[in-house]
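Enquirer: Input final31.txt, format and content: compact mmCIF, N, CA, C and O atoms.
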# COMPACT_ATOMS: atom_id res chain seq x y z
N MET A 1 1.35 -1.19 11.61
CA MET A 1 2.09 0.01 11.86
C MET A 1 3.58 -0.35 11.77
O MET A 1 4.00 -1.42 12.19
N TYR A 2 4.36 0.57 11.22
CA TYR A 2 5.80 0.35 11.04
C TYR A 2 6.56 1.43 11.80
O TYR A 2 6.14 2.58 11.84
N ALA A 3 7.68 1.04 12.39
CA ALA A 3 8.47 1.99 13.17
C ALA A 3 9.95 1.71 12.99
O ALA A 3 10.37 0.57 12.79
N LEU A 4 10.74 2.78 13.07
CA LEU A 4 12.19 2.67 13.10
C LEU A 4 12.61 2.74 14.55
O LEU A 4 12.14 3.59 15.30
N ALA A 5 13.48 1.83 14.95
CA ALA A 5 13.93 1.79 16.35
C ALA A 5 15.43 1.57 16.39
O ALA A 5 16.03 1.10 15.42
N TRP A 6 16.02 1.90 17.53
CA TRP A 6 17.43 1.61 17.72
C TRP A 6 17.66 1.32 19.20
O TRP A 6 16.89 1.71 20.06
N HIS A 7 18.71 0.56 19.46
CA HIS A 7 19.13 0.29 20.84
C HIS A 7 20.65 0.31 20.89
O HIS A 7 21.32 0.20 19.86
N TRP A 8 21.17 0.46 22.09
CA TRP A 8 22.62 0.53 22.28
C TRP A 8 23.14 -0.84 22.72
O TRP A 8 22.72 -1.37 23.73
N GLN A 9 24.02 -1.41 21.91
CA GLN A 9 24.72 -2.65 22.27
C GLN A 9 26.00 -2.65 21.45
O GLN A 9 25.98 -2.98 20.26
N LYS A 10 27.10 -2.23 22.07
CA LYS A 10 28.37 -2.06 21.35
C LYS A 10 28.18 -1.10 20.18
O LYS A 10 28.60 -1.37 19.07
N GLY A 11 27.49 -0.01 20.41
CA GLY A 11 27.15 0.95 19.38
C GLY A 11 25.67 0.91 19.09
O GLY A 11 24.94 0.07 19.62
N ARG A 12 25.22 1.82 18.27
CA ARG A 12 23.80 1.85 17.92
C ARG A 12 23.47 0.72 16.95
O ARG A 12 24.19 0.47 16.01
N ASN A 13 22.33 0.09 17.19
CA ASN A 13 21.80 -0.95 16.32
C ASN A 13 20.41 -0.52 15.88
O ASN A 13 19.55 -0.22 16.72
N TYR A 14 20.18 -0.49 14.57
CA TYR A 14 18.94 0.03 14.01
C TYR A 14 18.06 -1.10 13.52
O TYR A 14 18.55 -2.10 12.99
N ARG A 15 16.73 -0.92 13.65
CA ARG A 15 15.78 -1.95 13.26
C ARG A 15 14.53 -1.31 12.63
O ARG A 15 14.17 -0.19 12.95
N LEU A 16 13.89 -2.08 11.76
CA LEU A 16 12.58 -1.75 11.22
C LEU A 16 11.62 -2.76 11.82
O LEU A 16 11.85 -3.97 11.71
N VAL A 17 10.57 -2.28 12.48
CA VAL A 17 9.66 -3.15 13.23
C VAL A 17 8.24 -2.95 12.73
O VAL A 17 7.80 -1.82 12.51
N ALA A 18 7.50 -4.06 12.56
CA ALA A 18 6.09 -4.00 12.17
C ALA A 18 5.23 -4.50 13.32
O ALA A 18 5.58 -5.48 13.99
N PHE A 19 4.11 -3.81 13.57
CA PHE A 19 3.18 -4.17 14.64
C PHE A 19 1.79 -4.38 14.07
O PHE A 19 1.39 -3.72 13.12
N ASP A 20 1.03 -5.28 14.68
CA ASP A 20 -0.36 -5.50 14.36
C ASP A 20 -1.18 -4.46 15.13
O ASP A 20 -1.10 -4.40 16.36
N LEU A 21 -1.96 -3.65 14.43
CA LEU A 21 -2.72 -2.60 15.10
C LEU A 21 -3.86 -3.13 15.97
O LEU A 21 -4.24 -2.49 16.95
N LYS A 22 -4.40 -4.31 15.65
CA LYS A 22 -5.49 -4.87 16.46
C LYS A 22 -4.99 -5.40 17.80
O LYS A 22 -5.62 -5.19 18.82
N THR A 23 -3.87 -6.11 17.78
CA THR A 23 -3.38 -6.75 19.00
C THR A 23 -2.24 -5.98 19.66
O THR A 23 -1.95 -6.20 20.84
N GLY A 24 -1.56 -5.13 18.91
CA GLY A 24 -0.40 -4.42 19.43
C GLY A 24 0.87 -5.26 19.45
O GLY A 24 1.91 -4.81 19.87
N GLU A 25 0.77 -6.49 18.97
CA GLU A 25 1.91 -7.39 18.98
C GLU A 25 2.84 -7.14 17.80
O GLU A 25 2.41 -6.71 16.73
N GLN A 26 4.10 -7.43 18.02
CA GLN A 26 5.10 -7.30 16.96
C GLN A 26 4.89 -8.40 15.93
O GLN A 26 4.73 -9.56 16.28
N VAL A 27 4.89 -8.04 14.65
CA VAL A 27 4.68 -9.00 13.57
C VAL A 27 6.03 -9.46 13.02
O VAL A 27 6.24 -10.65 12.81
N TRP A 28 6.92 -8.51 12.77
CA TRP A 28 8.28 -8.84 12.32
C TRP A 28 9.23 -7.73 12.71
O TRP A 28 8.82 -6.64 13.07
N ASN A 29 10.53 -8.05 12.64
CA ASN A 29 11.56 -7.15 13.11
C ASN A 29 12.81 -7.41 12.28
O ASN A 29 13.34 -8.52 12.30
N GLU A 30 13.27 -6.42 11.52
CA GLU A 30 14.43 -6.58 10.65
C GLU A 30 15.56 -5.66 11.06
O GLU A 30 15.35 -4.48 11.28
N LYS A 31 16.77 -6.22 11.17
CA LYS A 31 17.96 -5.43 11.48
C LYS A 31 18.34 -4.62 10.25
O LYS A 31 18.32 -5.12 9.13
N LEU A 32 18.69 -3.35 10.48
CA LEU A 32 19.16 -2.47 9.41
C LEU A 32 20.67 -2.33 9.54
O LEU A 32 21.19 -2.18 10.64
N ASP A 33 21.37 -2.35 8.43
CA ASP A 33 22.82 -2.23 8.45
C ASP A 33 23.30 -0.81 8.73
O ASP A 33 24.40 -0.61 9.24
N ASP A 34 22.48 0.18 8.39
CA ASP A 34 22.89 1.58 8.50
C ASP A 34 21.81 2.39 9.22
O ASP A 34 20.67 1.97 9.31
N PRO A 35 22.16 3.58 9.72
CA PRO A 35 21.16 4.44 10.34
C PRO A 35 20.04 4.79 9.36
O PRO A 35 20.29 5.00 8.19
N ALA A 36 18.82 4.81 9.86
CA ALA A 36 17.66 5.12 9.03
C ALA A 36 17.20 6.55 9.29
O ALA A 36 17.04 6.95 10.45
N ALA A 37 16.98 7.29 8.23
CA ALA A 37 16.52 8.68 8.34
C ALA A 37 15.01 8.78 8.29
O ALA A 37 14.43 9.74 8.77
N GLY A 38 14.33 7.79 7.70
CA GLY A 38 12.88 7.85 7.60
C GLY A 38 12.34 6.63 6.88
O GLY A 38 13.10 5.81 6.36
N LEU A 39 11.02 6.50 6.87
CA LEU A 39 10.38 5.39 6.15
C LEU A 39 9.07 5.85 5.55
O LEU A 39 8.48 6.84 5.99
N ALA A 40 8.63 5.12 4.53
CA ALA A 40 7.33 5.37 3.90
C ALA A 40 6.70 4.02 3.62
O ALA A 40 7.34 3.12 3.07
N ALA A 41 5.45 3.85 4.05
CA ALA A 41 4.70 2.62 3.80
C ALA A 41 3.62 2.92 2.78
O ALA A 41 2.86 3.88 2.92
N ARG A 42 3.59 2.09 1.75
CA ARG A 42 2.59 2.28 0.69
C ARG A 42 2.26 0.93 0.08
O ARG A 42 3.15 0.25 -0.43
N GLY A 43 1.00 0.56 0.14
CA GLY A 43 0.57 -0.71 -0.42
C GLY A 43 1.25 -1.87 0.27
O GLY A 43 1.23 -1.97 1.50
N ASP A 44 1.89 -2.71 -0.51
CA ASP A 44 2.53 -3.91 0.05
C ASP A 44 4.03 -3.73 0.28
O ASP A 44 4.75 -4.70 0.45
N ARG A 45 4.50 -2.47 0.31
CA ARG A 45 5.93 -2.20 0.47
C ARG A 45 6.20 -1.14 1.54
O ARG A 45 5.42 -0.22 1.71
N VAL A 46 7.34 -1.30 2.19
CA VAL A 46 7.84 -0.31 3.13
C VAL A 46 9.22 0.10 2.63
O VAL A 46 10.09 -0.75 2.43
N THR A 47 9.42 1.38 2.39
CA THR A 47 10.70 1.89 1.90
C THR A 47 11.40 2.62 3.03
O THR A 47 10.81 3.48 3.68
N VAL A 48 12.66 2.24 3.26
CA VAL A 48 13.46 2.87 4.30
C VAL A 48 14.55 3.70 3.64
O VAL A 48 15.24 3.23 2.73
N LEU A 49 14.70 4.91 4.11
CA LEU A 49 15.75 5.81 3.65
C LEU A 49 16.87 5.77 4.67
O LEU A 49 16.68 6.11 5.84
N GLY A 50 18.02 5.30 4.26
CA GLY A 50 19.17 5.20 5.15
C GLY A 50 20.27 6.14 4.71
O GLY A 50 20.37 6.49 3.54
N GLU A 51 21.09 6.55 5.66
CA GLU A 51 22.18 7.47 5.33
C GLU A 51 23.40 7.13 6.17
O GLU A 51 23.30 6.92 7.37
N TRP A 52 24.54 7.07 5.53
CA TRP A 52 25.81 6.87 6.22
C TRP A 52 26.89 7.52 5.39
O TRP A 52 26.64 8.00 4.29
N SER A 53 28.07 7.60 5.92
CA SER A 53 29.13 8.28 5.16
C SER A 53 30.46 7.58 5.34
O SER A 53 30.70 6.88 6.33
N THR A 54 31.30 7.77 4.35
CA THR A 54 32.69 7.34 4.42
C THR A 54 33.51 8.59 4.66
O THR A 54 32.97 9.68 4.76
N GLN A 55 34.81 8.46 4.69
CA GLN A 55 35.63 9.65 4.87
C GLN A 55 35.57 10.57 3.66
O GLN A 55 35.80 11.76 3.77
N SER A 56 35.23 10.02 2.50
CA SER A 56 35.25 10.84 1.28
C SER A 56 33.88 11.25 0.77
O SER A 56 33.78 12.20 0.00
N SER A 57 32.81 10.55 1.14
CA SER A 57 31.51 10.92 0.59
C SER A 57 30.36 10.37 1.43
O SER A 57 30.53 9.47 2.24
N ALA A 58 29.18 10.93 1.20
CA ALA A 58 27.96 10.46 1.85
C ALA A 58 27.31 9.40 0.96
O ALA A 58 27.40 9.45 -0.26
N ILE A 59 26.64 8.45 1.59
CA ILE A 59 25.95 7.38 0.87
C ILE A 59 24.50 7.37 1.33
O ILE A 59 24.22 7.43 2.53
N THR A 60 23.57 7.31 0.40
CA THR A 60 22.16 7.17 0.71
C THR A 60 21.69 5.80 0.25
O THR A 60 22.00 5.37 -0.85
N ASP A 61 20.96 5.11 1.13
CA ASP A 61 20.39 3.81 0.81
C ASP A 61 18.88 3.94 0.70
O ASP A 61 18.27 4.63 1.51
N LEU A 62 18.30 3.28 -0.27
CA LEU A 62 16.85 3.09 -0.35
C LEU A 62 16.63 1.59 -0.33
O LEU A 62 17.07 0.88 -1.24
N ILE A 63 15.99 1.10 0.72
CA ILE A 63 15.77 -0.32 0.88
C ILE A 63 14.27 -0.56 0.93
O ILE A 63 13.55 0.10 1.69
N VAL A 64 13.79 -1.51 0.12
CA VAL A 64 12.37 -1.81 0.05
C VAL A 64 12.12 -3.17 0.70
O VAL A 64 12.80 -4.15 0.39
N TYR A 65 11.14 -3.20 1.60
CA TYR A 65 10.77 -4.42 2.31
C TYR A 65 9.33 -4.80 1.98
O TYR A 65 8.49 -3.94 1.73
N ASP A 66 9.04 -6.10 2.03
CA ASP A 66 7.67 -6.59 1.91
C ASP A 66 6.94 -6.21 3.20
O ASP A 66 7.41 -6.52 4.29
N ALA A 67 5.80 -5.55 3.09
CA ALA A 67 5.08 -5.06 4.27
C ALA A 67 4.52 -6.19 5.12
O ALA A 67 4.37 -6.04 6.32
N ASP A 68 4.24 -7.34 4.51
CA ASP A 68 3.64 -8.45 5.26
C ASP A 68 4.64 -9.23 6.11
O ASP A 68 4.33 -9.65 7.22
N ASN A 69 5.85 -9.46 5.57
CA ASN A 69 6.78 -10.35 6.29
C ASN A 69 8.17 -9.77 6.53
O ASN A 69 9.02 -10.43 7.12
N GLY A 70 8.44 -8.56 6.05
CA GLY A 70 9.73 -7.93 6.28
C GLY A 70 10.86 -8.39 5.38
O GLY A 70 12.01 -7.99 5.56
N GLU A 71 10.54 -9.19 4.38
CA GLU A 71 11.57 -9.66 3.45
C GLU A 71 12.10 -8.48 2.63
O GLU A 71 11.33 -7.67 2.12
N GLU A 72 13.42 -8.40 2.51
CA GLU A 72 14.01 -7.34 1.71
C GLU A 72 13.79 -7.64 0.23
O GLU A 72 14.14 -8.71 -0.26
N LEU A 73 13.19 -6.69 -0.48
CA LEU A 73 12.87 -6.88 -1.89
C LEU A 73 13.88 -6.22 -2.81
O LEU A 73 14.15 -6.71 -3.90
N ASP A 74 14.44 -5.08 -2.38
CA ASP A 74 15.39 -4.36 -3.22
C ASP A 74 16.21 -3.42 -2.36
O ASP A 74 15.77 -2.98 -1.31
N GLU A 75 17.41 -3.11 -2.84
CA GLU A 75 18.30 -2.19 -2.14
C GLU A 75 19.10 -1.42 -3.17
O GLU A 75 19.67 -2.01 -4.08
N ARG A 76 19.12 -0.09 -3.02
CA ARG A 76 19.86 0.77 -3.93
C ARG A 76 20.73 1.72 -3.12
O ARG A 76 20.35 2.15 -2.03
N HIS A 77 21.88 2.08 -3.67
CA HIS A 77 22.82 2.99 -3.02
C HIS A 77 23.12 4.16 -3.95
O HIS A 77 23.30 3.96 -5.14
N PHE A 78 23.17 5.35 -3.39
CA PHE A 78 23.46 6.57 -4.16
C PHE A 78 24.59 7.31 -3.46
O PHE A 78 24.62 7.40 -2.24
N ARG A 79 25.48 7.89 -4.23
CA ARG A 79 26.62 8.63 -3.67
C ARG A 79 26.29 10.11 -3.55
O ARG A 79 26.84 10.95 -4.23
N GLU A 80 25.34 10.40 -2.69
CA GLU A 80 25.01 11.78 -2.36
C GLU A 80 24.32 11.80 -1.02
O GLU A 80 23.73 10.82 -0.59
N ASP A 81 24.40 12.92 -0.34
CA ASP A 81 23.77 13.00 0.97
C ASP A 81 22.30 13.33 0.85
O ASP A 81 21.83 13.80 -0.18
N VAL A 82 21.59 13.08 1.91
CA VAL A 82 20.16 13.34 1.97
C VAL A 82 19.93 14.69 2.61
O VAL A 82 20.49 14.97 3.67
N PRO A 83 19.14 15.57 1.99
CA PRO A 83 18.96 16.91 2.54
C PRO A 83 18.08 16.96 3.80
O PRO A 83 18.06 17.96 4.49
N GLY A 84 17.35 15.90 4.11
CA GLY A 84 16.49 15.88 5.29
C GLY A 84 15.92 14.49 5.50
O GLY A 84 16.20 13.57 4.74
N SER A 85 15.10 14.33 6.53
CA SER A 85 14.55 13.02 6.83
C SER A 85 13.07 12.89 6.47
O SER A 85 12.49 11.83 6.62
N ASP A 86 12.44 13.96 6.00
CA ASP A 86 11.04 13.91 5.59
C ASP A 86 10.96 13.51 4.13
O ASP A 86 11.53 14.17 3.27
N PHE A 87 10.26 12.39 3.87
CA PHE A 87 10.13 11.99 2.47
C PHE A 87 8.79 11.34 2.22
O PHE A 87 8.12 10.89 3.14
N PHE A 88 8.38 11.36 0.96
CA PHE A 88 7.11 10.79 0.54
C PHE A 88 7.25 10.30 -0.88
O PHE A 88 8.22 10.61 -1.58
N GLU A 89 6.28 9.51 -1.31
CA GLU A 89 6.27 8.99 -2.68
C GLU A 89 5.23 9.74 -3.49
O GLU A 89 4.16 10.08 -3.00
N HIS A 90 5.58 10.00 -4.75
CA HIS A 90 4.66 10.67 -5.66
C HIS A 90 4.98 10.20 -7.09
O HIS A 90 6.10 10.37 -7.56
N GLU A 91 3.99 9.60 -7.73
CA GLU A 91 4.12 9.14 -9.12
C GLU A 91 5.42 8.36 -9.34
O GLU A 91 6.22 8.67 -10.21
N TRP A 92 5.64 7.34 -8.50
CA TRP A 92 6.79 6.43 -8.60
C TRP A 92 8.13 7.11 -8.34
O TRP A 92 9.17 6.64 -8.73
N ARG A 93 8.09 8.26 -7.68
CA ARG A 93 9.32 8.91 -7.26
C ARG A 93 9.31 9.05 -5.75
O ARG A 93 8.26 9.22 -5.14
N ILE A 94 10.48 9.01 -5.16
CA ILE A 94 10.62 9.25 -3.73
C ILE A 94 11.22 10.64 -3.59
O ILE A 94 12.30 10.91 -4.09
N ILE A 95 10.48 11.52 -2.94
CA ILE A 95 10.89 12.91 -2.77
C ILE A 95 11.37 13.09 -1.33
O ILE A 95 10.62 12.82 -0.39
N VAL A 96 12.60 13.56 -1.17
CA VAL A 96 13.16 13.81 0.16
C VAL A 96 13.22 15.32 0.35
O VAL A 96 13.90 16.01 -0.40
N ALA A 97 12.48 15.82 1.34
CA ALA A 97 12.42 17.26 1.58
C ALA A 97 13.60 17.72 2.40
O ALA A 97 14.00 17.06 3.36
N GLY A 98 14.16 18.85 2.02
CA GLY A 98 15.31 19.40 2.72
C GLY A 98 14.93 20.14 3.98
O GLY A 98 13.80 20.58 4.15
N SER A 99 15.89 20.26 4.87
CA SER A 99 15.65 20.99 6.12
C SER A 99 16.59 22.18 6.23
O SER A 99 16.91 22.64 7.30
N GLY A 100 17.05 22.65 5.10
CA GLY A 100 17.97 23.78 5.08
C GLY A 100 19.11 23.49 4.12
O GLY A 100 19.12 22.48 3.44
N GLY A 101 20.04 24.37 4.06
CA GLY A 101 21.18 24.15 3.17
C GLY A 101 20.90 24.59 1.77
O GLY A 101 20.00 25.38 1.50
N ASP A 102 21.65 24.03 0.82
CA ASP A 102 21.57 24.51 -0.55
C ASP A 102 20.56 23.77 -1.42
O ASP A 102 20.32 24.16 -2.54
N ARG A 103 19.96 22.68 -0.94
CA ARG A 103 18.97 21.96 -1.75
C ARG A 103 17.65 21.85 -1.01
O ARG A 103 17.61 21.46 0.15
N ALA A 104 16.57 22.18 -1.69
CA ALA A 104 15.25 22.09 -1.08
C ALA A 104 14.75 20.66 -1.04
O ALA A 104 14.03 20.26 -0.12
N PHE A 105 15.10 19.85 -2.04
CA PHE A 105 14.67 18.46 -2.06
C PHE A 105 15.56 17.65 -3.00
O PHE A 105 16.29 18.19 -3.82
N THR A 106 15.47 16.34 -2.86
CA THR A 106 16.11 15.39 -3.78
C THR A 106 15.04 14.40 -4.19
O THR A 106 14.19 14.03 -3.39
N SER A 107 15.07 13.95 -5.43
CA SER A 107 14.10 12.99 -5.93
C SER A 107 14.79 11.76 -6.44
O SER A 107 15.79 11.84 -7.16
N PHE A 108 14.29 10.59 -6.04
CA PHE A 108 14.80 9.31 -6.53
C PHE A 108 13.66 8.62 -7.26
O PHE A 108 12.56 8.52 -6.75
N GLU A 109 13.92 8.14 -8.46
CA GLU A 109 12.89 7.43 -9.21
C GLU A 109 12.87 5.98 -8.77
O GLU A 109 13.89 5.34 -8.60
N ARG A 110 11.64 5.48 -8.50
CA ARG A 110 11.50 4.07 -8.08
C ARG A 110 11.91 3.16 -9.21
O ARG A 110 11.83 3.50 -10.37
N TRP A 111 12.35 1.99 -8.87
CA TRP A 111 12.80 1.01 -9.85
C TRP A 111 11.79 -0.11 -9.96
O TRP A 111 10.97 -0.31 -9.16
Kindly transcribe the structure held in the file into C-alpha cells.

Expert:
Amino acid sequence: MYALAWHWQKGRNYRLVAFDLKTGEQVWNEKLDDPAAGLAARGDRVTVLGEWSTQSSAITDLIVYDADNGEELDERHFREDVPGSDFFEHEWRIIVAGSGGDRAFTSFERW
C-alpha cells in the first residue's frame, strides 16, 4: 500500500510511504521536494503528481518511483497548473480530472 504523508517541521514536509499489507510495516519512505496532489500505483511503478508555484507561474511535477524500493526512476516538470487532485492512467496517459474552473481535465503522455 502506498500513501502520501506530511508532517510539520519548520514548514510542511511531504513524503511517499510504502507499507507491507501482510505485516503493516513500513517498507520504504521517500522525501518529496514539493507538495503532492495525488498518486497512482500501477504494476512496478508509483507515479506522484506534485504541484507548486512561483510568483509567475504554476509548475506540475510527475515523478515516477520504483514500487519495490522507492527509487526515483523519472521526473518531469510542466509549466501549467493542475485542475484537480484526482488522476488515473489510461493507455499510457495520465489523466488529471478537474474539480471546477475552465478545464475539465488535463492529460500527460507517459514517457

Enquirer: Trp28 of chain A: which residues within 5 Å, counting all atoms listed in the file, same-chain residues fewer than 5 positions away excluded, as a PyMOL selection string?

Expert: chain A and resi 16-18

Enquirer: Just the number, please: distance in Å from atom N of Ile59 of chain A to atom N of Tyr2 of chain A, one decimal.

Expert: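 Value for the atom N of Ile59 of chain A-atom N of Tyr2 of chain A distance: 25.5 Å.
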
Enquirer: Could you check which of A:Val27, A:Ala67, A:Leu21, A:Leu62 is closest to Gly43 of chain A, using all atoms listed in the file?

Expert: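 Comparing A:Val27, A:Ala67, A:Leu21, A:Leu62 against Gly43 of chain A, the winner is A:Ala67.
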
Enquirer: Which distance in Å separates atom O of Phe19 of chain A and atom O of Asp66 of chain A, to one decimal?

Expert: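 The value is 11.0 Å.
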
Enquirer: Measuring atom to atom with only N, CA, C and O atoms, identify which of A:Ile95, A:Ala3, A:Leu49, A:Val64 is nearest to Ala36 of chain A.

Expert: A:Leu49

Enquirer: Any idea what the distance is between atom CA of Tyr65 of chain A and atom CA of Thr23 of chain A?

Expert: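 Taking atom CA of Tyr65 of chain A as the start and atom CA of Thr23 of chain A as the end point, the length is 22.0 Å.
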